[in-house]
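Asks: File follows, my_file39.cif with mmCIF, C-alpha atoms, pLDDT in the B column; chains and numbers go by the auth columns:
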data_model
#
loop_
_atom_site.group_PDB
_atom_site.id
_atom_site.type_symbol
_atom_site.label_atom_id
_atom_site.label_comp_id
_atom_site.label_asym_id
_atom_site.label_seq_id
_atom_site.Cartn_x
_atom_site.Cartn_y
_atom_site.Cartn_z
_atom_site.B_iso_or_equiv
_atom_site.auth_seq_id
_atom_site.auth_asym_id
ATOM 1 C CA MET A 1 120.732 174.054 41.084 76.00 683 A
ATOM 2 C CA GLU A 2 118.863 173.211 44.271 84.00 684 A
ATOM 3 C CA ARG A 3 117.408 169.734 44.659 91.00 685 A
ATOM 4 C CA SER A 4 115.027 168.598 47.330 92.00 686 A
ATOM 5 C CA HIS A 5 114.869 165.257 49.112 92.00 687 A
ATOM 6 C CA THR A 6 111.966 163.820 51.071 93.00 688 A
ATOM 7 C CA TYR A 7 112.308 161.357 53.949 93.00 689 A
ATOM 8 C CA ASN A 8 109.314 159.274 54.959 95.00 690 A
ATOM 9 C CA LEU A 9 109.098 157.636 58.373 95.00 691 A
ATOM 10 C CA THR A 10 106.317 156.113 60.399 96.00 692 A
ATOM 11 C CA ILE A 11 106.419 156.504 64.160 96.00 693 A
ATOM 12 C CA THR A 12 103.957 154.332 66.073 95.00 694 A
ATOM 13 C CA TRP A 13 103.355 154.836 69.783 94.00 695 A
ATOM 14 C CA THR A 14 103.262 151.448 71.551 96.00 696 A
ATOM 15 C CA GLY A 15 102.945 152.697 75.119 93.00 697 A
ATOM 16 C CA ASN A 16 99.199 152.499 75.765 93.00 698 A
ATOM 17 C CA LYS A 17 98.908 150.342 78.887 94.00 699 A
ATOM 18 C CA GLY A 18 95.117 150.202 78.688 92.00 700 A
ATOM 19 C CA THR A 19 94.011 153.666 79.760 92.00 701 A
ATOM 20 C CA GLY A 20 95.938 155.798 77.274 90.00 702 A
ATOM 21 C CA THR A 21 97.075 159.135 78.593 92.00 703 A
ATOM 22 C CA SER A 22 94.607 159.200 81.467 92.00 704 A
ATOM 23 C CA ASP A 23 97.469 159.995 83.857 92.00 705 A
ATOM 24 C CA TYR A 24 101.121 161.037 83.522 90.00 706 A
ATOM 25 C CA ARG A 25 102.219 157.666 84.898 90.00 707 A
ATOM 26 C CA ALA A 26 99.573 155.603 83.088 93.00 708 A
ATOM 27 C CA TYR A 27 101.427 155.197 79.798 94.00 709 A
ATOM 28 C CA ASP A 28 104.840 154.232 78.455 95.00 710 A
ATOM 29 C CA ARG A 29 106.763 156.521 76.153 95.00 711 A
ATOM 30 C CA ASN A 30 107.773 153.599 73.911 96.00 712 A
ATOM 31 C CA HIS A 31 107.394 153.773 70.156 96.00 713 A
ATOM 32 C CA ILE A 32 108.685 152.137 66.982 96.00 714 A
ATOM 33 C CA ILE A 33 110.358 154.034 64.155 96.00 715 A
ATOM 34 C CA ARG A 34 109.878 152.490 60.720 97.00 716 A
ATOM 35 C CA ALA A 35 111.000 153.254 57.201 97.00 717 A
ATOM 36 C CA GLU A 36 110.445 151.155 54.116 97.00 718 A
ATOM 37 C CA ASN A 37 112.969 148.326 53.650 97.00 719 A
ATOM 38 C CA LYS A 38 114.781 149.081 56.925 97.00 720 A
ATOM 39 C CA ILE A 39 114.897 147.499 60.347 97.00 721 A
ATOM 40 C CA GLU A 40 112.610 148.901 63.005 97.00 722 A
ATOM 41 C CA ILE A 41 114.137 151.088 65.694 97.00 723 A
ATOM 42 C CA PRO A 42 112.706 150.940 69.212 97.00 724 A
ATOM 43 C CA GLY A 43 112.437 154.395 70.727 97.00 725 A
ATOM 44 C CA SER A 44 111.318 155.973 73.979 97.00 726 A
ATOM 45 C CA SER A 45 111.833 159.191 75.868 94.00 727 A
ATOM 46 C CA ASP A 46 114.894 159.924 77.963 93.00 728 A
ATOM 47 C CA PRO A 47 114.738 158.017 81.286 94.00 729 A
ATOM 48 C CA ALA A 48 114.563 161.410 83.027 90.00 730 A
ATOM 49 C CA PHE A 49 111.141 161.760 81.389 92.00 731 A
ATOM 50 C CA ARG A 50 109.862 158.284 82.270 93.00 732 A
ATOM 51 C CA GLY A 51 111.411 156.631 79.226 93.00 733 A
ATOM 52 C CA ASP A 52 112.884 153.169 78.727 95.00 734 A
ATOM 53 C CA LYS A 53 116.658 153.353 79.158 96.00 735 A
ATOM 54 C CA THR A 54 117.147 150.386 76.809 96.00 736 A
ATOM 55 C CA ARG A 55 115.705 152.311 73.844 96.00 737 A
ATOM 56 C CA TYR A 56 117.089 155.283 71.966 96.00 738 A
ATOM 57 C CA ASN A 57 115.498 158.660 72.669 96.00 739 A
ATOM 58 C CA PRO A 58 115.006 161.684 70.392 96.00 740 A
ATOM 59 C CA GLU A 59 117.858 163.582 72.033 96.00 741 A
ATOM 60 C CA GLU A 60 120.258 160.722 71.260 97.00 742 A
ATOM 61 C CA PHE A 61 118.958 160.597 67.694 97.00 743 A
ATOM 62 C CA LEU A 62 119.699 164.300 67.268 97.00 744 A
ATOM 63 C CA VAL A 63 123.276 163.911 68.526 98.00 745 A
ATOM 64 C CA SER A 64 123.662 160.799 66.368 97.00 746 A
ATOM 65 C CA ALA A 65 122.349 162.620 63.288 97.00 747 A
ATOM 66 C CA LEU A 66 124.857 165.432 63.791 98.00 748 A
ATOM 67 C CA SER A 67 127.717 162.983 64.351 97.00 749 A
ATOM 68 C CA THR A 68 126.957 160.748 61.385 97.00 750 A
ATOM 69 C CA CYS A 69 126.274 163.648 59.041 97.00 751 A
ATOM 70 C CA HIS A 70 129.586 165.220 60.011 98.00 752 A
ATOM 71 C CA MET A 71 131.399 161.905 59.532 97.00 753 A
ATOM 72 C CA LEU A 72 129.920 161.364 56.070 97.00 754 A
ATOM 73 C CA SER A 73 130.680 164.957 55.014 97.00 755 A
ATOM 74 C CA TYR A 74 134.176 164.605 56.453 98.00 756 A
ATOM 75 C CA LEU A 75 134.927 161.368 54.594 97.00 757 A
ATOM 76 C CA HIS A 76 133.768 163.064 51.395 97.00 758 A
ATOM 77 C CA VAL A 77 136.009 166.108 51.809 98.00 759 A
ATOM 78 C CA CYS A 78 138.925 163.838 52.719 98.00 760 A
ATOM 79 C CA VAL A 79 138.511 161.910 49.465 97.00 761 A
ATOM 80 C CA MET A 80 138.346 165.180 47.543 97.00 762 A
ATOM 81 C CA ASN A 81 141.544 166.418 49.218 98.00 763 A
ATOM 82 C CA GLY A 82 143.697 163.282 49.056 97.00 764 A
ATOM 83 C CA VAL A 83 143.492 162.434 52.762 98.00 765 A
ATOM 84 C CA ILE A 84 143.217 158.684 53.235 97.00 766 A
ATOM 85 C CA VAL A 85 141.136 157.895 56.314 97.00 767 A
ATOM 86 C CA THR A 86 141.348 154.306 57.557 97.00 768 A
ATOM 87 C CA GLY A 87 139.386 154.667 60.800 97.00 769 A
ATOM 88 C CA TYR A 88 136.875 157.011 62.390 97.00 770 A
ATOM 89 C CA VAL A 89 135.219 156.914 65.827 98.00 771 A
ATOM 90 C CA ASP A 90 133.265 159.790 67.326 98.00 772 A
ATOM 91 C CA HIS A 91 132.449 160.134 71.015 97.00 773 A
ATOM 92 C CA ALA A 92 129.797 162.829 70.538 98.00 774 A
ATOM 93 C CA THR A 93 128.097 164.643 73.394 98.00 775 A
ATOM 94 C CA GLY A 94 125.082 166.933 73.466 97.00 776 A
ATOM 95 C CA THR A 95 123.886 169.296 76.156 97.00 777 A
ATOM 96 C CA MET A 96 120.206 170.095 76.585 95.00 778 A
ATOM 97 C CA ALA A 97 118.736 172.632 78.989 96.00 779 A
ATOM 98 C CA GLU A 98 115.241 172.228 80.405 94.00 780 A
ATOM 99 C CA THR A 99 113.084 175.312 80.723 94.00 781 A
ATOM 100 C CA ALA A 100 110.679 176.170 83.552 94.00 782 A
ATOM 101 C CA ASP A 101 107.628 175.524 81.354 94.00 783 A
ATOM 102 C CA GLY A 102 108.602 171.866 80.819 88.00 784 A
ATOM 103 C CA GLY A 103 110.223 172.424 77.439 91.00 785 A
ATOM 104 C CA GLY A 104 113.874 172.644 76.601 93.00 786 A
ATOM 105 C CA HIS A 105 116.483 173.065 73.921 96.00 787 A
ATOM 106 C CA PHE A 106 119.970 171.931 73.029 97.00 788 A
ATOM 107 C CA THR A 107 122.665 174.423 73.911 97.00 789 A
ATOM 108 C CA GLU A 108 125.468 172.670 72.034 97.00 790 A
ATOM 109 C CA VAL A 109 126.762 169.427 70.606 98.00 791 A
ATOM 110 C CA THR A 110 130.443 168.570 70.614 98.00 792 A
ATOM 111 C CA LEU A 111 131.825 166.019 68.199 98.00 793 A
ATOM 112 C CA ASN A 112 135.003 164.299 69.386 98.00 794 A
ATOM 113 C CA PRO A 113 136.151 162.282 66.386 98.00 795 A
ATOM 114 C CA VAL A 114 139.293 160.186 66.515 97.00 796 A
ATOM 115 C CA VAL A 115 140.421 159.908 62.917 97.00 797 A
ATOM 116 C CA THR A 116 143.051 157.456 61.712 98.00 798 A
ATOM 117 C CA VAL A 117 144.911 158.432 58.562 97.00 799 A
ATOM 118 C CA ARG A 118 147.281 156.421 56.386 97.00 800 A
ATOM 119 C CA ASP A 119 150.314 158.729 56.693 95.00 801 A
ATOM 120 C CA ALA A 120 151.649 161.367 59.119 97.00 802 A
ATOM 121 C CA SER A 121 151.880 163.887 56.262 97.00 803 A
ATOM 122 C CA MET A 122 148.054 163.907 56.156 97.00 804 A
ATOM 123 C CA ILE A 123 147.447 164.952 59.780 97.00 805 A
ATOM 124 C CA ALA A 124 147.359 168.737 59.314 97.00 806 A
ATOM 125 C CA LYS A 125 145.005 168.555 56.334 98.00 807 A
ATOM 126 C CA ALA A 126 142.859 165.929 58.077 98.00 808 A
ATOM 127 C CA ASN A 127 142.365 168.226 61.072 97.00 809 A
ATOM 128 C CA GLU A 128 141.668 171.240 58.862 97.00 810 A
ATOM 129 C CA LEU A 129 138.968 169.434 56.872 98.00 811 A
ATOM 130 C CA HIS A 130 136.657 169.136 59.892 97.00 812 A
ATOM 131 C CA HIS A 131 135.796 172.805 59.382 96.00 813 A
ATOM 132 C CA LYS A 132 134.812 172.223 55.738 97.00 814 A
ATOM 133 C CA ALA A 133 132.794 169.126 56.704 97.00 815 A
ATOM 134 C CA GLY A 134 130.931 171.208 59.289 96.00 816 A
ATOM 135 C CA GLU A 135 130.026 173.741 56.601 96.00 817 A
ATOM 136 C CA LEU A 136 128.657 170.994 54.341 96.00 818 A
ATOM 137 C CA CYS A 137 126.772 168.924 56.926 96.00 819 A
ATOM 138 C CA PHE A 138 123.042 169.079 56.184 94.00 820 A
ATOM 139 C CA ILE A 139 122.042 168.431 59.773 96.00 821 A
ATOM 140 C CA ALA A 140 124.478 170.932 61.338 97.00 822 A
ATOM 141 C CA ASN A 141 123.125 173.530 58.909 96.00 823 A
ATOM 142 C CA SER A 142 119.633 172.829 60.222 96.00 824 A
ATOM 143 C CA VAL A 143 120.113 173.414 63.948 97.00 825 A
ATOM 144 C CA ASN A 144 120.150 176.675 65.909 97.00 826 A
ATOM 145 C CA PHE A 145 122.926 175.837 68.377 97.00 827 A
ATOM 146 C CA PRO A 146 126.684 175.432 67.986 96.00 828 A
ATOM 147 C CA VAL A 147 128.133 172.133 66.776 97.00 829 A
ATOM 148 C CA LYS A 148 131.736 172.067 67.946 97.00 830 A
ATOM 149 C CA HIS A 149 134.549 169.780 66.808 95.00 831 A
ATOM 150 C CA THR A 150 137.465 168.593 68.927 96.00 832 A
ATOM 151 C CA PRO A 151 139.167 166.097 66.613 96.00 833 A
ATOM 152 C CA ILE A 152 142.149 163.909 67.311 96.00 834 A
ATOM 153 C CA CYS A 153 144.094 162.543 64.382 97.00 835 A
ATOM 154 C CA VAL A 154 146.382 159.523 64.576 96.00 836 A
ATOM 155 C CA VAL A 155 148.434 157.600 62.063 97.00 837 A
ATOM 156 C CA GLU A 156 147.566 154.055 61.097 92.00 838 A
ATOM 157 C CA GLU A 157 149.862 151.519 62.757 88.00 839 A
#
Starting from the file, give its structure as structure tokens.

Replies:
Amino acid sequence: MERSHTYNLTITWTGNKGTGTSDYRAYDRNHIIRAENKIEIPGSSDPAFRGDKTRYNPEEFLVSALSTCHMLSYLHVCVMNGVIVTGYVDHATGTMAETADGGGHFTEVTLNPVVTVRDASMIAKANELHHKAGELCFIANSVNFPVKHTPICVVEE
């Protein structure tokens, strides 16, 4: 049985400095991301593309979406397999290549989760379950580049 889910967001450009897009340098790339009953998220473009470095950019959101989706899928498969996770931190990285026409694409994302488990007997299974989580991750299943995993598993002190 296939179910569908719809996600509604409103993105509002806030970067008109008075003359709109009259010139490449005449406007800011700033915007606000909104969803009902949630806090607003200030966004911009990457600083390399005249964005505000204090705001998140779409490329960071993509890496974040892959990382958080993997984490949530991973926690689920751990529960289902008796692996007790007590901590999880991911230092995710994404690589994007620019093309000559001004476009670009991601070439890969690498997730580097450090997972803390309750007992040393869980380490092998905990490491193995990253593969299953990758298969289940909605976002990873939606991209056309590799999402790699280089996990480290430690035992709770």

Asks: Taking (113.5, 160.3, 70.1) in the coordinates of the supplied file, I want to know which residues reach to within 9 Å of it, counting only C-alpha atoms; could you give the answer as an MDAnalysis selection string?

Replies: chainID A and resid 713 725:728 738:744

Asks: Can you pull out every residue within 8 Å of A:Arg711, counting all atoms listed in the file, but drop anything in the same chain fewer than 4 positions away, and send it as a list in words?

Replies: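 Result of the neighbour search: Trp695, Thr696, Gly697, Ser726, Ser727, Arg732, Gly733 and Asp734 of chain A.
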
Asks: Identify all residues satisfying the PyMOL selection byres ((chain A and resi 801-811) around 10) in the given file; provide them as a ChimeraX atom specification.

Replies: /A:755-760,763-767,797-800,812-817,831-839

Asks: Once you count only C-alpha atoms, which residues end up no further than 12 Å from (133.2, 163.3, 69.7) in the file's frame, shown as an NGL selection string?

Replies: :A and (745-746 or 748-750 or 752-753 or 770-776 or 791-797 or 812 or 829-834)

Asks: So what do you get for atom CA of A:Ala822 versus atom CA of A:Thr789, distance-wise?

Replies: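 Those two atoms sit 13.2 Å apart.
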
Asks: Could you tell me which of A:Pro828, A:Phe820, A:Ile714, A:Lys735 comes closest to A:His687 if we count all atoms listed in the file?

Replies: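 Nearest candidate to A:His687 out of A:Pro828, A:Phe820, A:Ile714, A:Lys735: A:Phe820.
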
Asks: Can you sort out the box for stretch 771-780 of chain A, edges along x, y and z, all listed atoms in, 3 Å on every side, with centre and edge lengths in Å to one decimal, as lines of an AutoDock Vina configuration file?

Replies:
center_x = 125.2
center_y = 164.8
center_z = 73.1
size_x = 26.0
size_y = 21.7
size_z = 20.6
